[in-house]
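Asks: Below is the file query03.cif, with mmCIF, C-alpha atoms; chains and numbers go by the auth columns.
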```
data_data
loop_
_atom_site.group_PDB
_atom_site.id
_atom_site.type_symbol
_atom_site.label_atom_id
_atom_site.label_comp_id
_atom_site.label_asym_id
_atom_site.label_seq_id
_atom_site.Cartn_x
_atom_site.Cartn_y
_atom_site.Cartn_z
_atom_site.B_iso_or_equiv
_atom_site.auth_seq_id
_atom_site.auth_asym_id
ATOM 1 C CA MET A 1 -8.685 2.769 -15.274 0.00 1 A
ATOM 2 C CA LYS A 2 -8.244 4.888 -18.387 0.00 2 A
ATOM 3 C CA ALA A 3 -7.397 7.943 -16.284 0.00 3 A
ATOM 4 C CA PHE A 4 -3.736 6.849 -16.129 0.00 4 A
ATOM 5 C CA ASP A 5 -3.128 6.194 -19.829 0.00 5 A
ATOM 6 C CA GLY A 6 0.198 7.861 -20.575 0.00 6 A
ATOM 7 C CA LYS A 7 2.833 9.621 -18.488 0.00 7 A
ATOM 8 C CA VAL A 8 1.203 13.028 -18.915 0.00 8 A
ATOM 9 C CA LYS A 9 -2.097 11.864 -17.414 0.00 9 A
ATOM 10 C CA LYS A 10 -0.236 10.246 -14.526 0.00 10 A
ATOM 11 C CA ALA A 11 1.639 13.481 -13.876 0.00 11 A
ATOM 12 C CA LEU A 12 -1.595 15.494 -14.007 0.00 12 A
ATOM 13 C CA PHE A 13 -3.250 13.100 -11.562 0.00 13 A
ATOM 14 C CA VAL A 14 -0.343 13.466 -9.123 0.00 14 A
ATOM 15 C CA LEU A 15 -0.446 17.247 -9.539 0.00 15 A
ATOM 16 C CA ALA A 16 -4.198 17.386 -8.919 0.00 16 A
ATOM 17 C CA ASN A 17 -3.948 15.324 -5.738 0.00 17 A
ATOM 18 C CA LEU A 18 -0.625 16.365 -4.202 0.00 18 A
ATOM 19 C CA GLY A 19 -0.379 19.978 -5.326 0.00 19 A
ATOM 20 C CA LEU A 20 2.388 21.726 -7.237 0.00 20 A
ATOM 21 C CA LYS A 21 4.895 22.001 -4.364 0.00 21 A
ATOM 22 C CA ASN A 22 4.631 18.340 -3.405 0.00 22 A
ATOM 23 C CA THR A 23 4.634 17.201 -7.029 0.00 23 A
ATOM 24 C CA VAL A 24 7.921 19.045 -7.524 0.00 24 A
ATOM 25 C CA LYS A 25 9.254 17.173 -4.463 0.00 25 A
ATOM 26 C CA VAL A 26 8.239 13.844 -6.009 0.00 26 A
ATOM 27 C CA ILE A 27 9.925 14.745 -9.302 0.00 27 A
ATOM 28 C CA SER A 28 13.070 15.859 -7.467 0.00 28 A
ATOM 29 C CA LYS A 29 13.098 12.591 -5.517 0.00 29 A
ATOM 30 C CA ASN A 30 12.983 10.655 -8.781 0.00 30 A
ATOM 31 C CA THR A 31 15.938 12.662 -10.073 0.00 31 A
ATOM 32 C CA LEU A 32 18.352 11.829 -7.256 0.00 32 A
ATOM 33 C CA TYR A 33 17.214 9.476 -4.510 0.00 33 A
ATOM 34 C CA PHE A 34 18.641 6.779 -2.258 0.00 34 A
ATOM 35 C CA ASP A 35 16.725 4.264 -0.139 0.00 35 A
ATOM 36 C CA HIS A 36 17.075 0.899 1.558 0.00 36 A
ATOM 37 C CA TYR A 37 14.699 -2.076 1.532 0.00 37 A
ATOM 38 C CA PHE A 38 14.683 -5.366 3.342 0.00 38 A
ATOM 39 C CA ALA A 39 13.726 -8.493 1.450 0.00 39 A
ATOM 40 C CA LEU A 40 11.847 -10.785 3.843 0.00 40 A
ATOM 41 C CA THR A 41 10.912 -14.371 3.102 0.00 41 A
ATOM 42 C CA SER A 42 8.768 -17.034 4.735 0.00 42 A
ATOM 43 C CA ASN A 43 8.509 -20.773 4.200 0.00 43 A
ATOM 44 C CA LEU A 44 4.833 -21.611 3.780 0.00 44 A
ATOM 45 C CA ASN A 45 5.268 -24.997 5.431 0.00 45 A
ATOM 46 C CA SER A 46 5.402 -23.198 8.775 0.00 46 A
ATOM 47 C CA VAL A 47 2.388 -20.885 8.532 0.00 47 A
ATOM 48 C CA GLY A 48 0.988 -20.205 11.994 0.00 48 A
ATOM 49 C CA SER A 49 -2.546 -19.461 13.123 0.00 49 A
ATOM 50 C CA SER A 50 -4.158 -16.173 12.162 0.00 50 A
ATOM 51 C CA PRO A 51 -3.578 -13.413 14.746 0.00 51 A
ATOM 52 C CA LYS A 52 -6.667 -12.132 16.523 0.00 52 A
ATOM 53 C CA ILE A 53 -7.996 -8.768 15.430 0.00 53 A
ATOM 54 C CA ARG A 54 -10.505 -6.357 16.869 0.00 54 A
ATOM 55 C CA GLY A 55 -13.365 -6.927 14.495 0.00 55 A
ATOM 56 C CA VAL A 56 -14.712 -9.404 11.966 0.00 56 A
ATOM 57 C CA TYR A 57 -13.541 -9.409 8.379 0.00 57 A
ATOM 58 C CA PHE A 58 -13.278 -11.479 5.228 0.00 58 A
ATOM 59 C CA ILE A 59 -10.943 -11.326 2.246 0.00 59 A
ATOM 60 C CA ARG A 60 -11.974 -10.900 -1.362 0.00 60 A
ATOM 61 C CA LYS A 61 -10.177 -10.031 -4.558 0.00 61 A
ATOM 62 C CA ALA A 62 -10.354 -6.371 -5.545 0.00 62 A
ATOM 63 C CA GLU A 63 -12.429 -5.360 -8.535 0.00 63 A
ATOM 64 C CA GLU A 64 -12.092 -2.496 -10.999 0.00 64 A
ATOM 65 C CA LYS A 65 -14.844 -0.574 -9.223 0.00 65 A
ATOM 66 C CA ASP A 66 -12.888 -0.686 -5.955 0.00 66 A
ATOM 67 C CA PHE A 67 -10.032 1.201 -7.590 0.00 67 A
ATOM 68 C CA GLU A 68 -12.387 3.617 -9.275 0.00 68 A
ATOM 69 C CA ASN A 69 -13.948 4.382 -5.889 0.00 69 A
ATOM 70 C CA LEU A 70 -10.529 4.776 -4.317 0.00 70 A
ATOM 71 C CA MET A 71 -9.413 7.129 -7.059 0.00 71 A
ATOM 72 C CA ASN A 72 -12.560 9.233 -6.664 0.00 72 A
ATOM 73 C CA SER A 73 -12.186 9.472 -2.874 0.00 73 A
ATOM 74 C CA ILE A 74 -8.454 10.134 -2.710 0.00 74 A
ATOM 75 C CA LYS A 75 -8.819 13.779 -1.684 0.00 75 A
ATOM 76 C CA SER A 76 -10.485 12.718 1.564 0.00 76 A
ATOM 77 C CA PHE A 77 -7.108 11.380 2.782 0.00 77 A
ATOM 78 C CA ASP A 78 -4.179 13.326 4.158 0.00 78 A
ATOM 79 C CA TYR A 79 -1.060 13.989 2.098 0.00 79 A
ATOM 80 C CA GLU A 80 0.983 10.967 3.223 0.00 80 A
ATOM 81 C CA ASP A 81 -1.895 8.554 2.624 0.00 81 A
ATOM 82 C CA ARG A 82 -2.604 10.124 -0.770 0.00 82 A
ATOM 83 C CA LYS A 83 0.990 9.410 -1.786 0.00 83 A
ATOM 84 C CA GLU A 84 0.635 5.775 -0.722 0.00 84 A
ATOM 85 C CA ILE A 85 -2.704 5.377 -2.486 0.00 85 A
ATOM 86 C CA ILE A 86 -1.339 6.846 -5.719 0.00 86 A
ATOM 87 C CA ILE A 87 1.491 4.293 -5.646 0.00 87 A
ATOM 88 C CA ARG A 88 -1.075 1.495 -5.390 0.00 88 A
ATOM 89 C CA LEU A 89 -3.341 2.909 -8.074 0.00 89 A
ATOM 90 C CA PHE A 90 -0.364 3.052 -10.435 0.00 90 A
ATOM 91 C CA PHE A 91 0.683 -0.487 -9.431 0.00 91 A
ATOM 92 C CA TYR A 92 -2.764 -1.785 -10.357 0.00 92 A
ATOM 93 C CA HIS A 93 -2.768 0.208 -13.578 0.00 93 A
ATOM 94 C CA ALA A 94 0.639 -1.294 -14.486 0.00 94 A
ATOM 95 C CA GLY A 95 -1.110 -4.664 -14.750 0.00 95 A
ATOM 96 C CA PHE A 96 -0.776 -6.271 -11.322 0.00 96 A
ATOM 97 C CA LYS A 97 -4.392 -7.324 -10.841 0.00 97 A
ATOM 98 C CA ASN A 98 -4.185 -9.776 -7.938 0.00 98 A
ATOM 99 C CA CYS A 99 -4.992 -7.327 -5.175 0.00 99 A
ATOM 100 C CA TYR A 100 -6.877 -8.586 -2.141 0.00 100 A
ATOM 101 C CA LEU A 101 -8.998 -6.569 0.269 0.00 101 A
ATOM 102 C CA ALA A 102 -9.837 -7.041 3.928 0.00 102 A
ATOM 103 C CA ILE A 103 -13.552 -6.238 4.208 0.00 103 A
ATOM 104 C CA THR A 104 -15.230 -5.521 7.560 0.00 104 A
ATOM 105 C CA GLU A 105 -18.649 -6.759 8.604 0.00 105 A
ATOM 106 C CA LYS A 106 -19.966 -3.300 7.648 0.00 106 A
ATOM 107 C CA GLU A 107 -18.459 -3.806 4.176 0.00 107 A
ATOM 108 C CA ASP A 108 -15.763 -1.162 4.624 0.00 108 A
ATOM 109 C CA ILE A 109 -12.328 -1.783 3.106 0.00 109 A
ATOM 110 C CA ALA A 110 -9.888 -2.025 6.019 0.00 110 A
ATOM 111 C CA ALA A 111 -6.704 -3.010 4.175 0.00 111 A
ATOM 112 C CA MET A 112 -5.302 -4.088 0.825 0.00 112 A
ATOM 113 C CA MET A 113 -2.350 -6.110 -0.434 0.00 113 A
ATOM 114 C CA TRP A 114 -1.116 -7.677 -3.669 0.00 114 A
ATOM 115 C CA MET A 115 -0.156 -11.262 -4.349 0.00 115 A
ATOM 116 C CA VAL A 116 2.240 -11.328 -7.309 0.00 116 A
ATOM 117 C CA TYR A 117 2.672 -14.677 -9.077 0.00 117 A
ATOM 118 C CA PRO A 118 5.575 -16.254 -11.008 0.00 118 A
ATOM 119 C CA ASP A 119 3.620 -16.002 -14.266 0.00 119 A
ATOM 120 C CA GLU A 120 3.833 -12.216 -13.820 0.00 120 A
ATOM 121 C CA ASN A 121 7.640 -12.225 -14.103 0.00 121 A
ATOM 122 C CA GLU A 122 7.461 -10.604 -17.528 0.00 122 A
ATOM 123 C CA LEU A 123 5.391 -7.806 -16.023 0.00 123 A
ATOM 124 C CA ILE A 124 7.906 -7.458 -13.171 0.00 124 A
ATOM 125 C CA LYS A 125 10.688 -7.249 -15.746 0.00 125 A
ATOM 126 C CA LYS A 126 8.810 -4.635 -17.752 0.00 126 A
ATOM 127 C CA GLU A 127 7.747 -2.402 -14.872 0.00 127 A
ATOM 128 C CA PHE A 128 10.089 -3.119 -11.946 0.00 128 A
ATOM 129 C CA GLN A 129 13.122 -5.018 -13.207 0.00 129 A
ATOM 130 C CA ASP A 130 15.440 -2.773 -11.169 0.00 130 A
ATOM 131 C CA ARG A 131 13.433 -3.132 -7.953 0.00 131 A
ATOM 132 C CA PHE A 132 12.055 -6.662 -7.608 0.00 132 A
ATOM 133 C CA TYR A 133 13.783 -9.954 -8.275 0.00 133 A
ATOM 134 C CA PRO A 134 12.087 -12.462 -10.613 0.00 134 A
ATOM 135 C CA LEU A 135 9.978 -14.970 -8.732 0.00 135 A
ATOM 136 C CA LYS A 136 10.892 -18.633 -8.570 0.00 136 A
ATOM 137 C CA LYS A 137 8.457 -21.314 -9.727 0.00 137 A
ATOM 138 C CA ASN A 138 6.930 -21.968 -6.293 0.00 138 A
ATOM 139 C CA GLN A 139 7.322 -18.453 -4.900 0.00 139 A
ATOM 140 C CA LEU A 140 4.902 -15.550 -4.497 0.00 140 A
ATOM 141 C CA MET A 141 5.507 -11.913 -3.704 0.00 141 A
ATOM 142 C CA PHE A 142 3.392 -9.967 -1.210 0.00 142 A
ATOM 143 C CA GLN A 143 3.592 -6.271 -1.982 0.00 143 A
ATOM 144 C CA ASN A 144 2.039 -2.859 -1.348 0.00 144 A
ATOM 145 C CA PHE A 145 0.229 -3.602 1.894 0.00 145 A
ATOM 146 C CA PHE A 146 -1.860 -0.643 3.049 0.00 146 A
ATOM 147 C CA THR A 147 -4.162 -0.242 6.040 0.00 147 A
ATOM 148 C CA PHE A 148 -6.737 2.517 5.765 0.00 148 A
ATOM 149 C CA PRO A 149 -6.526 5.150 8.557 0.00 149 A
ATOM 150 C CA ARG A 150 -9.651 4.162 10.534 0.00 150 A
ATOM 151 C CA PHE A 151 -8.448 0.576 10.886 0.00 151 A
ATOM 152 C CA ARG A 152 -4.844 1.026 11.933 0.00 152 A
ATOM 153 C CA GLY A 153 -3.691 -0.590 15.147 0.00 153 A
ATOM 154 C CA LEU A 154 -6.417 -3.251 15.023 0.00 154 A
ATOM 155 C CA GLY A 155 -4.283 -6.114 13.713 0.00 155 A
ATOM 156 C CA TYR A 156 -5.511 -6.258 10.130 0.00 156 A
ATOM 157 C CA MET A 157 -2.052 -6.362 8.589 0.00 157 A
ATOM 158 C CA SER A 158 -0.797 -9.447 10.409 0.00 158 A
ATOM 159 C CA ALA A 159 -4.113 -11.270 10.080 0.00 159 A
ATOM 160 C CA MET A 160 -4.422 -10.562 6.369 0.00 160 A
ATOM 161 C CA VAL A 161 -0.823 -11.575 5.626 0.00 161 A
ATOM 162 C CA VAL A 162 -1.255 -14.888 7.459 0.00 162 A
ATOM 163 C CA ASP A 163 -4.586 -15.609 5.749 0.00 163 A
ATOM 164 C CA LEU A 164 -3.066 -14.964 2.322 0.00 164 A
ATOM 165 C CA MET A 165 -0.089 -17.158 3.244 0.00 165 A
ATOM 166 C CA LYS A 166 -2.553 -19.973 3.956 0.00 166 A
ATOM 167 C CA LEU A 167 -4.250 -19.350 0.615 0.00 167 A
ATOM 168 C CA ALA A 168 -0.873 -19.466 -1.154 0.00 168 A
ATOM 169 C CA LYS A 169 0.003 -22.731 0.594 0.00 169 A
ATOM 170 C CA GLU A 170 -3.314 -24.288 -0.469 0.00 170 A
ATOM 171 C CA ASP A 171 -2.475 -23.311 -4.053 0.00 171 A
ATOM 172 C CA GLY A 172 0.809 -25.216 -3.834 0.00 172 A
ATOM 173 C CA TYR A 173 3.287 -22.391 -3.286 0.00 173 A
ATOM 174 C CA ARG A 174 6.219 -22.940 -0.927 0.00 174 A
ATOM 175 C CA ASN A 175 7.745 -19.537 -0.324 0.00 175 A
ATOM 176 C CA VAL A 176 6.743 -15.886 -0.059 0.00 176 A
ATOM 177 C CA ILE A 177 8.934 -12.806 -0.455 0.00 177 A
ATOM 178 C CA GLY A 178 8.133 -9.192 0.343 0.00 178 A
ATOM 179 C CA TYR A 179 10.068 -5.932 0.188 0.00 179 A
ATOM 180 C CA ILE A 180 9.696 -3.422 3.014 0.00 180 A
ATOM 181 C CA ARG A 181 11.440 -0.083 3.309 0.00 181 A
ATOM 182 C CA LYS A 182 14.066 -0.012 6.045 0.00 182 A
ATOM 183 C CA ASP A 183 12.404 2.835 7.980 0.00 183 A
ATOM 184 C CA ARG A 184 9.102 0.936 8.382 0.00 184 A
ATOM 185 C CA ILE A 185 10.245 -0.745 11.559 0.00 185 A
ATOM 186 C CA GLY A 186 6.730 -1.514 12.818 0.00 186 A
ATOM 187 C CA MET A 187 5.773 -3.402 9.664 0.00 187 A
ATOM 188 C CA ILE A 188 9.087 -5.279 9.581 0.00 188 A
ATOM 189 C CA ASN A 189 8.621 -6.374 13.210 0.00 189 A
ATOM 190 C CA GLU A 190 5.060 -7.552 12.544 0.00 190 A
ATOM 191 C CA TRP A 191 6.166 -9.647 9.564 0.00 191 A
ATOM 192 C CA ILE A 192 8.952 -11.192 11.647 0.00 192 A
ATOM 193 C CA LYS A 193 6.426 -12.085 14.370 0.00 193 A
ATOM 194 C CA ILE A 194 4.347 -14.062 11.890 0.00 194 A
ATOM 195 C CA GLY A 195 7.305 -16.042 10.553 0.00 195 A
ATOM 196 C CA PHE A 196 9.184 -13.929 8.013 0.00 196 A
ATOM 197 C CA LYS A 197 12.971 -13.710 8.101 0.00 197 A
ATOM 198 C CA LEU A 198 15.233 -10.892 6.941 0.00 198 A
ATOM 199 C CA ARG A 199 17.167 -12.170 3.926 0.00 199 A
ATOM 200 C CA LYS A 200 18.738 -9.232 2.144 0.00 200 A
ATOM 201 C CA LEU A 201 19.298 -5.509 2.526 0.00 201 A
ATOM 202 C CA ILE A 202 18.763 -3.886 -0.837 0.00 202 A
ATOM 203 C CA ARG A 203 20.178 -0.444 -1.553 0.00 203 A
ATOM 204 C CA GLU A 204 18.069 1.323 -4.116 0.00 204 A
ATOM 205 C CA TYR A 205 19.071 4.492 -5.885 0.00 205 A
ATOM 206 C CA LYS A 206 17.564 6.672 -8.581 0.00 206 A
ATOM 207 C CA ILE A 207 19.522 8.957 -10.860 0.00 207 A
ATOM 208 C CA LEU A 208 17.621 10.908 -13.505 0.00 208 A
ATOM 209 C CA GLY A 209 14.640 8.611 -13.094 0.00 209 A
ATOM 210 C CA LYS A 210 16.618 5.379 -13.532 0.00 210 A
ATOM 211 C CA THR A 211 16.161 2.951 -10.628 0.00 211 A
ATOM 212 C CA SER A 212 18.860 0.460 -9.706 0.00 212 A
ATOM 213 C CA LYS A 213 19.454 -1.874 -6.784 0.00 213 A
ATOM 214 C CA VAL A 214 22.657 -2.961 -5.119 0.00 214 A
ATOM 215 C CA LEU A 215 22.912 -5.949 -2.745 0.00 215 A
#
```
What do you get writing this file as structure tokens?
Replies:
Amino acid sequence: MKAFDGKVKKALFVLANLGLKNTVKVISKNTLYFDHYFALTSNLNSVGSSPKIRGVYFIRKAEEKDFENLMNSIKSFDYEDRKEIIIRLFFYHAGFKNCYLAITEKEDIAAMMWMVYPDENELIKKEFQDRFYPLKKNQLMFQNFFTFPRFRGLGYMSAMVVDLMKLAKEDGYRNVIGYIRKDRIGMINEWIKIGFKLRKLIREYKILGKTSKVL
């Protein structure tokens, strides 16, 4: 994804897809901004059965072409979804390649989510050392879940999280952690239903673009 090489190209991409007014809002938010996240964890020894969803789907790892297609179609989404998609495009471009997709029987992408592994701790330190904690040896991080608009309310999030938990358990991992913004009550409740527990409230603040967290 060469389109994001360098801060200037990133800024131009945001400007082209969010507009000048909203880009200024994003920049202002990065100048002085406060937020709260919950860290949720789950022991993989107690993974339950996959929740039922309305539809048939399978999971596969995302490929470069999936992100190229997403980047090319971003203007078909509304403003809030464009913001979320840009975050995920930048996350992939930062080097986090283990993104998984929920694919419907009609081969549409219903949802996406990353599995971040302990051997990516150096990448976490480089890109998000003030946001995410380093992963332990037998721990994974689930991050940046996103359900595409047409498939919301059908149960894809819970089903996909549980299926990836099973995959992680088969690979020998014991624990999963995820960070969810405090205001996303629906997502927090769904994760709790499938076995996650609230562990920490993390206060995040940005001043002049510098991100820090406070327990």
Asks: Mind giving me the straight-line distance from atom CA of A:Ile180 to atom CA of A:Leu18 in Å, one decimal?
Replies: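 Straight-line distance from atom CA of A:Ile180 to atom CA of A:Leu18 works out to 23.5 Å.
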Asks: Counting all atoms listed in the file, which residue out of A:Ile59, A:Met157, A:Leu167, A:Leu140 sits closest to A:Asn189?
Replies: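 Of A:Ile59, A:Met157, A:Leu167, A:Leu140, the one nearest A:Asn189, counting all atoms listed in the file, is A:Met157.
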Asks: Quick one: pull the distance between atom CA of A:Asp171 and atom CA of A:Asn121, Å, one decimal.
Replies: 18.1 Å
Asks: Counting all atoms listed in the file, what is within 6 Å of stretch 150-153 of chain A, bar same-chain residues fewer than 2 positions away, as a VMD selection string?
Replies: chain A and resid 110 148 155
Asks: Evaluate the PyMOL selection byres ((chain A and resi 192) around 12) against this structure - the residues, as number ranges by chain, please.
Replies: A: 38-42, 158, 161-162, 178, 180, 185-191, 193-199
Asks: Under the rule that all atoms listed in the file are counted, which of A:Tyr179, A:Tyr173, A:Tyr156, A:Tyr92 is the nearest residue to A:Gly55?
Replies: A:Tyr156
Asks: Using only C-alpha atoms, can you tell me which of A:Gly172, A:Met141, A:Arg54, A:Met71 comes closest to A:Met113?
Replies: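 Among the listed residues, A:Met141 lies closest to A:Met113.
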